[in-house]
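Visitor: my_file.cif is reproduced in full below (mmCIF, C-alpha atoms and all ligand atoms).
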data_my_file
loop_
_atom_site.group_PDB
_atom_site.id
_atom_site.type_symbol
_atom_site.label_atom_id
_atom_site.label_comp_id
_atom_site.auth_asym_id
_atom_site.auth_seq_id
_atom_site.Cartn_x
_atom_site.Cartn_y
_atom_site.Cartn_z
ATOM 1 C CA LEU A 74 137.251 -30.539 -49.006
ATOM 2 C CA PRO A 75 137.631 -29.461 -52.593
ATOM 3 C CA GLU A 76 141.035 -27.901 -53.295
ATOM 4 C CA LEU A 77 142.551 -26.583 -56.520
ATOM 5 C CA PRO A 78 142.519 -29.902 -58.466
ATOM 6 C CA GLU A 79 138.919 -30.669 -57.502
ATOM 7 C CA VAL A 80 137.664 -27.182 -58.387
ATOM 8 C CA GLU A 81 139.666 -27.224 -61.632
ATOM 9 C CA THR A 82 138.094 -30.574 -62.601
ATOM 10 C CA ILE A 83 134.604 -29.151 -62.104
ATOM 11 C CA ARG A 84 135.527 -26.013 -64.056
ATOM 12 C CA SER A 85 136.920 -27.883 -67.032
ATOM 13 C CA ASP A 86 133.865 -30.182 -67.087
ATOM 14 C CA LEU A 87 131.437 -27.263 -66.972
ATOM 15 C CA VAL A 88 133.104 -24.980 -69.536
ATOM 16 C CA PRO A 89 131.808 -26.790 -72.662
ATOM 17 C CA LEU A 90 128.396 -27.343 -71.041
ATOM 18 C CA LEU A 91 127.769 -23.788 -69.854
ATOM 19 C CA THR A 92 129.659 -21.354 -72.074
ATOM 20 C CA GLY A 93 127.208 -19.339 -74.185
ATOM 21 C CA LYS A 94 124.184 -20.625 -72.289
ATOM 22 C CA ARG A 95 121.588 -18.157 -71.058
ATOM 23 C CA ILE A 96 120.248 -18.266 -67.510
ATOM 24 C CA LEU A 97 116.446 -18.366 -67.562
ATOM 25 C CA SER A 98 115.707 -18.481 -63.853
ATOM 26 C CA VAL A 99 117.173 -19.263 -60.426
ATOM 27 C CA TRP A 100 115.546 -21.007 -57.490
ATOM 28 C CA VAL A 101 117.095 -21.023 -54.009
ATOM 29 C CA ALA A 102 115.668 -23.064 -51.108
ATOM 30 C CA ASP A 103 114.399 -21.153 -48.091
ATOM 31 C CA ASP A 104 116.794 -23.069 -45.824
ATOM 32 C CA ALA A 105 119.891 -22.154 -47.884
ATOM 33 C CA THR A 106 120.559 -19.178 -45.643
ATOM 34 C CA ARG A 107 124.368 -19.216 -45.857
ATOM 35 C CA LEU A 108 124.461 -19.598 -49.633
ATOM 36 C CA LEU A 109 123.863 -15.909 -50.401
ATOM 37 C CA PRO A 110 125.770 -13.938 -47.754
ATOM 38 C CA HIS A 111 125.209 -10.594 -49.509
ATOM 39 C CA SER A 112 121.936 -11.174 -51.295
ATOM 40 C CA THR A 113 118.478 -12.710 -51.084
ATOM 41 C CA PRO A 114 117.043 -15.447 -53.317
ATOM 42 C CA GLU A 115 114.781 -12.870 -55.024
ATOM 43 C CA LEU A 116 117.544 -10.331 -55.609
ATOM 44 C CA PHE A 117 120.006 -12.974 -56.823
ATOM 45 C CA ALA A 118 117.482 -14.371 -59.308
ATOM 46 C CA LEU A 119 116.603 -10.892 -60.596
ATOM 47 C CA SER A 120 120.292 -10.039 -60.980
ATOM 48 C CA VAL A 121 121.358 -13.024 -63.077
ATOM 49 C CA ALA A 122 118.214 -14.124 -64.964
ATOM 50 C CA GLY A 123 118.589 -13.226 -68.633
ATOM 51 C CA SER A 124 122.404 -13.163 -68.501
ATOM 52 C CA THR A 125 124.532 -15.373 -70.703
ATOM 53 C CA ILE A 126 127.454 -17.276 -69.168
ATOM 54 C CA GLU A 127 130.407 -15.928 -71.150
ATOM 55 C CA ALA A 128 133.242 -17.686 -69.332
ATOM 56 C CA LEU A 129 134.040 -19.847 -66.334
ATOM 57 C CA ALA A 130 137.411 -19.405 -64.626
ATOM 58 C CA ARG A 131 138.989 -20.660 -61.420
ATOM 59 C CA ARG A 132 140.865 -18.552 -58.920
ATOM 60 C CA GLY A 133 142.275 -20.542 -55.981
ATOM 61 C CA LYS A 134 139.348 -22.640 -54.773
ATOM 62 C CA TYR A 135 136.760 -20.258 -56.251
ATOM 63 C CA LEU A 136 134.791 -20.712 -59.471
ATOM 64 C CA VAL A 137 134.219 -17.417 -61.277
ATOM 65 C CA PHE A 138 131.423 -17.135 -63.857
ATOM 66 C CA THR A 139 131.580 -14.124 -66.170
ATOM 67 C CA LEU A 140 128.039 -13.003 -67.034
ATOM 68 C CA SER A 141 127.024 -10.945 -70.059
ATOM 69 C CA PRO A 142 126.204 -7.319 -69.279
ATOM 70 C CA GLN A 143 122.511 -6.459 -69.291
ATOM 71 C CA SER A 144 120.686 -3.173 -69.542
ATOM 72 C CA SER A 145 119.170 -3.441 -66.054
ATOM 73 C CA VAL A 146 120.844 -1.812 -63.072
ATOM 74 C CA LEU A 147 121.073 -5.237 -61.426
ATOM 75 C CA SER A 148 123.719 -6.560 -63.757
ATOM 76 C CA PRO A 149 126.775 -7.933 -62.008
ATOM 77 C CA ARG A 150 129.597 -9.195 -64.236
ATOM 78 C CA PHE A 151 130.796 -11.963 -61.938
ATOM 79 C CA TRP A 152 129.154 -14.811 -60.066
ATOM 80 C CA ILE A 153 131.670 -16.248 -57.594
ATOM 81 C CA VAL A 154 131.088 -19.738 -56.163
ATOM 82 C CA HIS A 155 132.918 -21.384 -53.265
ATOM 83 C CA LEU A 156 132.111 -25.059 -52.668
ATOM 84 C CA ARG A 157 133.440 -25.042 -49.064
ATOM 85 C CA MET A 158 132.917 -28.511 -47.547
ATOM 86 C CA THR A 159 130.257 -30.350 -49.548
ATOM 87 C CA GLY A 160 129.061 -27.985 -52.296
ATOM 88 C CA ARG A 161 128.571 -29.553 -55.731
ATOM 89 C CA LEU A 162 127.665 -28.026 -59.080
ATOM 90 C CA LEU A 163 125.931 -30.677 -61.141
ATOM 91 C CA CYS A 164 124.962 -30.050 -64.758
ATOM 92 C CA ARG A 165 121.901 -32.169 -65.588
ATOM 93 C CA ALA A 166 119.155 -32.368 -68.178
ATOM 94 C CA ALA A 167 116.008 -30.939 -66.580
ATOM 95 C CA SER A 168 114.400 -34.370 -67.063
ATOM 96 C CA ASP A 169 117.206 -36.232 -65.195
ATOM 97 C CA PRO A 170 116.354 -37.865 -61.844
ATOM 98 C CA PRO A 171 116.669 -35.568 -58.832
ATOM 99 C CA ASP A 172 119.945 -35.250 -56.889
ATOM 100 C CA ALA A 173 120.223 -35.305 -53.098
ATOM 101 C CA TYR A 174 120.615 -32.120 -51.043
ATOM 102 C CA VAL A 175 119.790 -29.714 -53.882
ATOM 103 C CA ARG A 176 119.444 -26.250 -52.328
ATOM 104 C CA ALA A 177 119.451 -24.158 -55.486
ATOM 105 C CA LEU A 178 118.826 -24.554 -59.196
ATOM 106 C CA VAL A 179 119.848 -22.497 -62.220
ATOM 107 C CA THR A 180 117.700 -23.171 -65.281
ATOM 108 C CA LEU A 181 119.456 -22.761 -68.637
ATOM 109 C CA ASP A 182 118.028 -22.077 -72.100
ATOM 110 C CA ASP A 183 119.180 -25.410 -73.592
ATOM 111 C CA GLY A 184 117.092 -27.733 -71.423
ATOM 112 C CA HIS A 185 119.825 -28.238 -68.837
ATOM 113 C CA GLU A 186 119.972 -27.055 -65.276
ATOM 114 C CA LEU A 187 122.825 -26.409 -62.931
ATOM 115 C CA ARG A 188 121.973 -28.039 -59.609
ATOM 116 C CA TRP A 189 123.590 -26.835 -56.392
ATOM 117 C CA SER A 190 123.807 -29.742 -53.967
ATOM 118 C CA ASP A 191 125.249 -29.026 -50.531
ATOM 119 C CA LEU A 192 124.832 -31.466 -47.654
ATOM 120 C CA ARG A 193 126.525 -29.286 -45.032
ATOM 121 C CA LYS A 194 125.333 -25.940 -46.452
ATOM 122 C CA PHE A 195 128.615 -24.008 -46.072
ATOM 123 C CA GLY A 196 129.036 -23.130 -49.774
ATOM 124 C CA THR A 197 128.594 -19.543 -50.967
ATOM 125 C CA TRP A 198 127.434 -17.670 -54.083
ATOM 126 C CA GLU A 199 128.368 -14.017 -54.440
ATOM 127 C CA LEU A 200 127.851 -11.443 -57.161
ATOM 128 C CA ALA A 201 130.423 -8.758 -57.932
ATOM 129 C CA ASP A 202 131.067 -6.030 -60.458
ATOM 130 C CA SER A 203 134.816 -6.575 -60.255
ATOM 131 C CA LEU A 204 137.231 -9.193 -58.954
ATOM 132 C CA ALA A 205 139.234 -6.709 -56.872
ATOM 133 C CA ASP A 206 137.856 -7.921 -53.517
ATOM 134 C CA LEU A 207 138.546 -11.537 -54.448
ATOM 135 C CA GLU A 208 142.094 -10.736 -55.576
ATOM 136 C CA ARG A 209 142.819 -9.019 -52.260
ATOM 137 C CA LYS A 210 142.042 -12.275 -50.435
ATOM 138 C CA LEU A 211 144.270 -14.495 -52.573
ATOM 139 C CA GLY A 212 147.961 -15.109 -53.228
ATOM 140 C CA PRO A 213 149.311 -16.284 -56.604
ATOM 141 C CA GLU A 214 148.155 -19.374 -58.486
ATOM 142 C CA PRO A 215 150.625 -22.207 -57.743
ATOM 143 C CA LEU A 216 150.304 -23.601 -61.281
ATOM 144 C CA GLY A 217 150.671 -20.174 -62.902
ATOM 145 C CA ASP A 218 153.796 -19.150 -64.845
ATOM 146 C CA MET A 219 154.188 -16.157 -62.534
ATOM 147 C CA PHE A 220 154.776 -18.281 -59.414
ATOM 148 C CA THR A 221 158.534 -18.761 -59.009
ATOM 149 C CA VAL A 222 160.884 -20.376 -56.481
ATOM 150 C CA GLU A 223 161.901 -16.842 -55.473
ATOM 151 C CA ASP A 224 158.249 -15.983 -54.735
ATOM 152 C CA LEU A 225 157.907 -19.034 -52.522
ATOM 153 C CA GLN A 226 161.172 -18.251 -50.755
ATOM 154 C CA THR A 227 160.003 -14.686 -50.049
ATOM 155 C CA MET A 228 156.678 -15.985 -48.684
ATOM 156 C CA LEU A 229 158.376 -18.464 -46.357
ATOM 157 C CA LEU A 230 161.117 -16.096 -45.138
ATOM 158 C CA ARG A 231 158.506 -13.579 -43.965
ATOM 159 C CA ARG A 232 156.737 -16.062 -41.682
ATOM 160 C CA LYS A 233 157.472 -17.721 -38.334
ATOM 161 C CA ALA A 234 154.413 -19.994 -38.441
ATOM 162 C CA PRO A 235 154.821 -23.699 -39.297
ATOM 163 C CA VAL A 236 155.432 -24.179 -43.030
ATOM 164 C CA LYS A 237 152.222 -26.224 -43.205
ATOM 165 C CA ALA A 238 150.145 -23.303 -41.881
ATOM 166 C CA VAL A 239 151.794 -20.856 -44.286
ATOM 167 C CA LEU A 240 151.015 -23.039 -47.302
ATOM 168 C CA LEU A 241 147.380 -23.368 -46.193
ATOM 169 C CA ASP A 242 147.009 -19.576 -46.006
ATOM 170 C CA GLN A 243 145.084 -18.603 -49.165
ATOM 171 C CA LYS A 244 146.530 -15.097 -49.004
ATOM 172 C CA THR A 245 150.006 -16.604 -49.376
ATOM 173 C CA LEU A 246 149.237 -19.124 -52.112
ATOM 174 C CA ALA A 247 145.758 -19.743 -53.540
ATOM 175 C CA GLY A 248 144.180 -23.174 -53.893
ATOM 176 C CA LEU A 249 146.083 -25.494 -51.556
ATOM 177 C CA GLY A 250 144.312 -27.313 -48.723
ATOM 178 C CA ASN A 251 145.091 -30.087 -46.286
ATOM 179 C CA ILE A 252 145.534 -32.925 -48.807
ATOM 180 C CA TYR A 253 147.899 -31.228 -51.249
ATOM 181 C CA VAL A 254 149.959 -29.416 -48.591
ATOM 182 C CA ASP A 255 150.674 -32.709 -46.790
ATOM 183 C CA GLU A 256 151.520 -34.383 -50.099
ATOM 184 C CA ALA A 257 153.782 -31.551 -51.293
ATOM 185 C CA LEU A 258 155.726 -31.393 -47.995
ATOM 186 C CA TYR A 259 156.256 -35.163 -48.148
ATOM 187 C CA GLU A 260 157.441 -35.042 -51.736
ATOM 188 C CA ALA A 261 159.831 -32.188 -50.865
ATOM 189 C CA GLY A 262 161.110 -33.968 -47.730
ATOM 190 C CA VAL A 263 160.217 -31.035 -45.459
ATOM 191 C CA ASP A 264 158.753 -31.543 -41.967
ATOM 192 C CA PRO A 265 155.370 -29.722 -41.837
ATOM 193 C CA ARG A 266 156.092 -28.442 -38.313
ATOM 194 C CA ARG A 267 159.219 -26.524 -39.369
ATOM 195 C CA VAL A 268 159.151 -22.775 -38.863
ATOM 196 C CA ALA A 269 158.608 -21.386 -42.376
ATOM 197 C CA ASN A 270 161.587 -19.036 -42.338
ATOM 198 C CA SER A 271 163.959 -21.913 -41.500
ATOM 199 C CA VAL A 272 163.304 -23.606 -44.846
ATOM 200 C CA GLU A 273 166.459 -23.318 -46.933
ATOM 201 C CA LEU A 274 166.724 -22.475 -50.613
ATOM 202 C CA ALA A 275 167.406 -26.053 -51.739
ATOM 203 C CA GLU A 276 164.327 -27.205 -49.809
ATOM 204 C CA THR A 277 162.236 -24.349 -51.170
ATOM 205 C CA THR A 278 163.265 -25.332 -54.696
ATOM 206 C CA ARG A 279 162.103 -28.907 -54.046
ATOM 207 C CA LEU A 280 158.912 -27.661 -52.386
ATOM 208 C CA HIS A 281 158.064 -25.410 -55.353
ATOM 209 C CA ALA A 282 158.393 -28.349 -57.753
ATOM 210 C CA ALA A 283 156.493 -30.645 -55.348
ATOM 211 C CA ILE A 284 153.542 -28.232 -55.003
ATOM 212 C CA ARG A 285 153.169 -28.149 -58.773
ATOM 213 C CA SER A 286 153.580 -31.876 -59.270
ATOM 214 C CA VAL A 287 151.053 -32.918 -56.598
ATOM 215 C CA LEU A 288 148.512 -30.433 -57.973
ATOM 216 C CA GLU A 289 149.116 -31.578 -61.556
ATOM 217 C CA GLN A 290 148.687 -35.195 -60.475
ATOM 218 C CA GLY A 291 145.475 -34.215 -58.675
ATOM 219 C CA VAL A 292 144.095 -32.559 -61.811
ATOM 220 C CA ALA A 293 145.154 -35.543 -63.975
ATOM 221 C CA ASN A 294 143.304 -37.894 -61.592
ATOM 222 C CA ARG A 295 140.203 -35.633 -61.600
ATOM 223 C CA GLY A 296 140.536 -34.752 -57.921
ATOM 224 C CA ALA A 297 140.513 -36.718 -54.676
ATOM 225 C CA SER A 298 137.234 -38.119 -53.315
ATOM 226 C CA PHE A 299 138.047 -38.901 -49.683
ATOM 227 C CA SER A 300 134.518 -37.972 -48.680
ATOM 228 C CA ASP A 301 131.947 -35.895 -50.565
ATOM 229 C CA TYR A 302 133.786 -34.448 -53.537
ATOM 230 C CA ALA A 303 132.288 -35.245 -56.936
ATOM 231 C CA ASP A 304 132.727 -33.699 -60.388
ATOM 232 C CA ALA A 305 130.069 -31.878 -62.424
ATOM 233 C CA SER A 306 128.443 -35.163 -63.419
ATOM 234 C CA GLY A 307 128.422 -36.515 -59.843
ATOM 235 C CA ALA A 308 131.332 -38.937 -60.417
ATOM 236 C CA LYS A 309 134.160 -39.343 -57.936
ATOM 237 C CA GLY A 310 137.812 -38.533 -58.632
ATOM 238 C CA SER A 311 140.592 -41.104 -58.226
ATOM 239 C CA ASN A 312 143.469 -39.141 -56.667
ATOM 240 C CA GLN A 313 142.697 -40.565 -53.196
ATOM 241 C CA LEU A 314 144.250 -43.789 -54.545
ATOM 242 C CA TYR A 315 147.570 -42.070 -55.313
ATOM 243 C CA VAL A 316 148.344 -40.063 -52.156
ATOM 244 C CA ARG A 317 151.574 -40.883 -50.300
ATOM 245 C CA VAL A 318 150.828 -39.631 -46.746
ATOM 246 C CA PHE A 319 147.372 -38.056 -46.466
ATOM 247 C CA ARG A 320 145.191 -40.219 -44.170
ATOM 248 C CA ARG A 321 147.829 -43.010 -44.247
ATOM 249 C CA THR A 322 148.547 -42.779 -40.489
ATOM 250 C CA GLY A 323 150.152 -46.000 -39.222
ATOM 251 C CA LYS A 324 150.821 -47.325 -42.726
ATOM 252 C CA PRO A 325 154.374 -47.761 -44.074
ATOM 253 C CA CYS A 326 156.070 -44.919 -45.947
ATOM 254 C CA TYR A 327 156.433 -45.863 -49.638
ATOM 255 C CA THR A 328 160.024 -44.576 -49.589
ATOM 256 C CA CYS A 329 161.549 -45.807 -46.292
ATOM 257 C CA GLY A 330 158.994 -48.131 -44.688
ATOM 258 C CA ALA A 331 158.656 -46.086 -41.473
ATOM 259 C CA MET A 332 155.152 -45.594 -40.109
ATOM 260 C CA ILE A 333 153.332 -42.470 -41.321
ATOM 261 C CA GLU A 334 152.499 -40.237 -38.355
ATOM 262 C CA ARG A 335 149.748 -37.758 -37.698
ATOM 263 C CA CYS A 336 149.907 -34.546 -35.689
ATOM 264 C CA LYS A 337 148.057 -31.242 -35.406
ATOM 265 C CA THR A 338 149.700 -28.258 -37.105
ATOM 266 C CA GLY A 339 147.969 -24.900 -37.211
ATOM 267 C CA GLY A 340 144.788 -26.596 -35.994
ATOM 268 C CA ARG A 341 144.750 -29.036 -38.912
ATOM 269 C CA SER A 342 145.358 -32.751 -39.009
ATOM 270 C CA THR A 343 148.787 -33.308 -40.594
ATOM 271 C CA HIS A 344 150.272 -36.513 -42.045
ATOM 272 C CA PHE A 345 154.014 -36.999 -42.519
ATOM 273 C CA CYS A 346 156.898 -39.467 -42.561
ATOM 274 C CA PRO A 347 159.130 -38.885 -39.499
ATOM 275 C CA VAL A 348 162.170 -40.257 -41.388
ATOM 276 C CA CYS A 349 161.868 -38.796 -44.884
ATOM 277 C CA GLN A 350 160.723 -35.328 -43.824
ATOM 278 C CA LYS A 351 163.442 -33.251 -42.146
HETATM 279 ZN ZN ZN B 401 159.682 -42.269 -45.210
#
Turn the structure described in the file into structure tokens.
Guide:
Amino acid sequence: LPELPEVETIRSDLVPLLTGKRILSVWVADDATRLLPHSTPELFALSVAGSTIEALARRGKYLVFTLSPQSSVLSPRFWIVHLRMTGRLLCRAASDPPDAYVRALVTLDDGHELRWSDLRKFGTWELADSLADLERKLGPEPLGDMFTVEDLQTMLLRRKAPVKAVLLDQKTLAGLGNIYVDEALYEAGVDPRRVANSVELAETTRLHAAIRSVLEQGVANRGASFSDYADASGAKGSNQLYVRVFRRTGKPCYTCGAMIERCKTGGRSTHFCPVCQK
């Protein structure tokens, strides 16, 4: 599933292609029922058609389009996209060959279109006048300057859940998912099953640095394509080639040679080295 590095790759690809472009029209397939949880295809199209895309930001795993204000009453400032499992935003020339599983289409004024492809149909598009509701759902950005070791320590000390589950909680820290949590805990040498409030300051310091470094590596490698993830041009990322534990069950640890193990933590499949992670 797309996590922070995958969503950030799509964002940075789309920014030069979409900024300043005007939305002419929107089409949504009749079977895309989950895509617009608070709207209808007609209402969504009416609300955004005519708007210019002023900016495209990322918050956690969400993409946030800022739309130009219009005179109509239906004039939301923000279009918030979550890719969920298999959502893709592909920027294509209108004359390009069709893509598979396209459930929605945004036509732009420069001859391009933004195609929404979603095999599993769990992705969502929402419109909002402010980002307050989104902010309430999300903890700090792990790559932001504001996220400190002390913040992470406070988050972990408050919780008795496994450290893996705490790091997956978007309200604690925004943008991490199964791949990057497993990788960060390995790099920090912390067992994912540990109760969060038992993690000591020296370990938290390592974990803070590890979270940032695995995410930065993920962004540098344009995301991890273990299954469906692709960037805004449909190309796969390469970070799946650089992971140390994720989906390496039964293979030797790169540090100590022990076999990587798999367990369930907080309902999620978890990969770890039983020797290196204490
Ligand atoms: Zn090891």
Visitor: Work out how far apart CA of Leu225 (chain A) and CA of Ala293 (chain A) are and give it in Å to one decimal.
Guide: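 CA of Ala293 (chain A) lies 23.8 Å from CA of Leu225 (chain A).
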Visitor: Show me a table, sorted first by chain and then by increasing residue number, of the residues of chain A having an atom at most 9 Å from ligand ZN 401 (chain B), each with its shortest atom pair and the distance in Å to one decimal, counting only C-alpha atoms and all ligand atoms and written as JSON lines.
Guide:
{"residue": "A:Tyr259", "atom": "CA", "partner": "B:ZN401", "partner_atom": "ZN", "distance": 8.4}
{"residue": "A:Gly262", "atom": "CA", "partner": "B:ZN401", "partner_atom": "ZN", "distance": 8.8}
{"residue": "A:Pro325", "atom": "CA", "partner": "B:ZN401", "partner_atom": "ZN", "distance": 7.7}
{"residue": "A:Cys326", "atom": "CA", "partner": "B:ZN401", "partner_atom": "ZN", "distance": 4.5}
{"residue": "A:Tyr327", "atom": "CA", "partner": "B:ZN401", "partner_atom": "ZN", "distance": 6.6}
{"residue": "A:Thr328", "atom": "CA", "partner": "B:ZN401", "partner_atom": "ZN", "distance": 5.0}
{"residue": "A:Cys329", "atom": "CA", "partner": "B:ZN401", "partner_atom": "ZN", "distance": 4.1}
{"residue": "A:Gly330", "atom": "CA", "partner": "B:ZN401", "partner_atom": "ZN", "distance": 5.9}
{"residue": "A:Ala331", "atom": "CA", "partner": "B:ZN401", "partner_atom": "ZN", "distance": 5.4}
{"residue": "A:Met332", "atom": "CA", "partner": "B:ZN401", "partner_atom": "ZN", "distance": 7.6}
{"residue": "A:Ile333", "atom": "CA", "partner": "B:ZN401", "partner_atom": "ZN", "distance": 7.4}
{"residue": "A:Phe345", "atom": "CA", "partner": "B:ZN401", "partner_atom": "ZN", "distance": 8.2}
{"residue": "A:Cys346", "atom": "CA", "partner": "B:ZN401", "partner_atom": "ZN", "distance": 4.8}
{"residue": "A:Pro347", "atom": "CA", "partner": "B:ZN401", "partner_atom": "ZN", "distance": 6.7}
{"residue": "A:Val348", "atom": "CA", "partner": "B:ZN401", "partner_atom": "ZN", "distance": 5.0}
{"residue": "A:Cys349", "atom": "CA", "partner": "B:ZN401", "partner_atom": "ZN", "distance": 4.1}
{"residue": "A:Gln350", "atom": "CA", "partner": "B:ZN401", "partner_atom": "ZN", "distance": 7.2}
Visitor: Please write as a list in words the full residue list that the PyMOL selection byres (((chain A and resi 168) around 12) and not hetatm) yields on this file.
Guide: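 What the PyMOL selection byres (((chain A and resi 168) around 12) and not hetatm) grabs from the file is Cys164, Arg165, Ala166, Ala167, Asp169, Pro170, Pro171, Asp172, Thr180, Gly184, His185 and Glu186 of chain A.
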Visitor: Applying the PyMOL selection byres (((chain A and resi 81-98) around 9) and not hetatm) to the file I just gave you, which residues come out? Please list them as a ChimeraX atom specification.
Guide: /A:76-80,99-100,118-119,121-131,134,136,161-164,178-183,185,187,292-293,295-296,303-306,310
Visitor: Which polymer residues have any atom within 10 Å of an atom of Arg335 (chain A), counting all atoms listed in the file, with same-chain residues fewer than 4 positions away left out, as a ChimeraX atom specification?
Guide: /A:318-323,342-347
Visitor: Neighbouring residues of Gln243 (chain A) were defined as those with any atom within 7 Å, considering all atoms listed in the file; residues of the same chain fewer than 4 positions away were excluded. Please report them as a list in words.
Guide: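 Once the adjacent positions are removed, what remains is Leu211, Gly212, Ala247 and Gly248 of chain A.
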Visitor: Mind giving me the straight-line distance from CA of Asp301 (chain A) to CA of Asp264 (chain A) in Å, one decimal?
Guide: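 CA of Asp301 (chain A) sits 28.5 Å away from CA of Asp264 (chain A).
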Visitor: Please compute the CA of Pro215 (chain A)-CA of His111 (chain A) distance, one decimal, in Å.
Guide: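 Pair CA of Pro215 (chain A) / CA of His111 (chain A) returns 29.1 Å.
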Visitor: Which polymer residues have any atom within 8 Å of an atom of Glu214 (chain A), counting all atoms listed in the file, with same-chain residues fewer than 2 positions away left out, as a list in words?
Guide: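 Answer for this query is Arg132, Gly133, Gly212, Leu216, Gly217, Met219, Phe220, Leu246, Ala247 and Gly248 of chain A.
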Visitor: Find the residues near Thr106 (chain A): any atom within 12 Å, counting only C-alpha atoms, skip ones fewer than 5 places away on the same chain, and give them as a PyMOL selection string.
Guide: chain A and resi 101+111-114+176-177+191+193-198
Visitor: Nearest to Ser190 (chain A) among A:Gly307, A:Gly291, A:Pro110, A:Pro235, with distances taken over all atoms listed in the file: which residue is it?
Guide: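 Of the candidates, the smallest distance to Ser190 (chain A) is held by A:Gly307.
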Visitor: Which residue out of A:Thr338, A:Glu199, A:Trp189, A:Met158 has the minimum interatomic distance to Leu74 (chain A) when only C-alpha atoms are used?
Guide: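 Of all the options, A:Met158 lies closest to Leu74 (chain A).
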Visitor: Smallest atom-to-atom distance to Val263 (chain A): which of A:Ser311, A:Ser141, A:Ser300, A:Thr277, using all atoms listed in the file?
Guide: A:Thr277
Visitor: I'd like the contact shell of region 151-153 of chain A - 6 Å cut-off, all atoms listed in the file, skipping same-chain residues fewer than 2 positions apart - returned as a PyMOL selection string.
Guide: chain A and resi 136-140+149+198-201
Visitor: Once you have the residues from the selection above, write them out as an mmCIF file, in the coordinates of the input, restricted to C-alpha atoms.
Guide:
data_model
loop_
_atom_site.group_PDB
_atom_site.id
_atom_site.type_symbol
_atom_site.label_atom_id
_atom_site.label_comp_id
_atom_site.auth_asym_id
_atom_site.auth_seq_id
_atom_site.Cartn_x
_atom_site.Cartn_y
_atom_site.Cartn_z
ATOM 1 C CA LEU A 136 134.791 -20.712 -59.471
ATOM 2 C CA VAL A 137 134.219 -17.417 -61.277
ATOM 3 C CA PHE A 138 131.423 -17.135 -63.857
ATOM 4 C CA THR A 139 131.580 -14.124 -66.170
ATOM 5 C CA LEU A 140 128.039 -13.003 -67.034
ATOM 6 C CA PRO A 149 126.775 -7.933 -62.008
ATOM 7 C CA TRP A 198 127.434 -17.670 -54.083
ATOM 8 C CA GLU A 199 128.368 -14.017 -54.440
ATOM 9 C CA LEU A 200 127.851 -11.443 -57.161
ATOM 10 C CA ALA A 201 130.423 -8.758 -57.932
#
Visitor: Find, counting only C-alpha atoms, the residue in A:Val239, A:Leu258, A:Leu116, A:Ala102 that gets nearest to Arg188 (chain A).
Guide: A:Ala102
Visitor: Report as a list in words the residues that result from applying the PyMOL selection byres (((chain A and resi 268) around 10) and not hetatm) to the structure here.
Guide: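 That expression, the PyMOL selection byres (((chain A and resi 268) around 10) and not hetatm), corresponds here to Leu229, Leu230, Arg232, Lys233, Ala234, Pro235, Val236, Lys237, Ala238, Val239, Asp264, Pro265, Arg266, Arg267, Ala269, Asn270, Ser271 and Val272 of chain A.
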Visitor: Can you fill out region 203-214 of chain A with N, CA and C atoms and hand it back as a tab-separated table (two decimals), keeping the file's coordinate frame?
Guide:
chain	number	residue	atom	x	y	z
A	203	SER	N	133.39	-6.42	-59.92
A	203	SER	CA	134.82	-6.58	-60.26
A	203	SER	C	135.39	-7.68	-59.38
A	204	LEU	N	136.60	-8.12	-59.72
A	204	LEU	CA	137.23	-9.19	-58.95
A	204	LEU	C	138.26	-8.65	-57.96
A	205	ALA	N	138.22	-7.33	-57.73
A	205	ALA	CA	139.23	-6.71	-56.87
A	205	ALA	C	139.18	-7.27	-55.45
A	206	ASP	N	137.96	-7.41	-54.89
A	206	ASP	CA	137.86	-7.92	-53.52
A	206	ASP	C	138.38	-9.35	-53.42
A	207	LEU	N	138.07	-10.15	-54.43
A	207	LEU	CA	138.55	-11.54	-54.45
A	207	LEU	C	140.07	-11.57	-54.53
A	208	GLU	N	140.63	-10.76	-55.41
A	208	GLU	CA	142.09	-10.74	-55.58
A	208	GLU	C	142.80	-10.34	-54.29
A	209	ARG	N	142.19	-9.44	-53.52
A	209	ARG	CA	142.82	-9.02	-52.26
A	209	ARG	C	142.92	-10.16	-51.26
A	210	LYS	N	142.05	-11.15	-51.39
A	210	LYS	CA	142.04	-12.28	-50.44
A	210	LYS	C	143.00	-13.39	-50.82
A	211	LEU	N	143.57	-13.33	-52.04
A	211	LEU	CA	144.27	-14.50	-52.57
A	211	LEU	C	145.69	-14.20	-53.02
A	212	GLY	N	146.60	-15.15	-52.71
A	212	GLY	CA	147.96	-15.11	-53.23
A	212	GLY	C	148.00	-15.63	-54.66
A	213	PRO	N	149.20	-15.83	-55.21
A	213	PRO	CA	149.31	-16.28	-56.60
A	213	PRO	C	148.79	-17.71	-56.82
A	214	GLU	N	148.56	-18.02	-58.09
A	214	GLU	CA	148.16	-19.37	-58.49
A	214	GLU	C	149.40	-20.27	-58.53
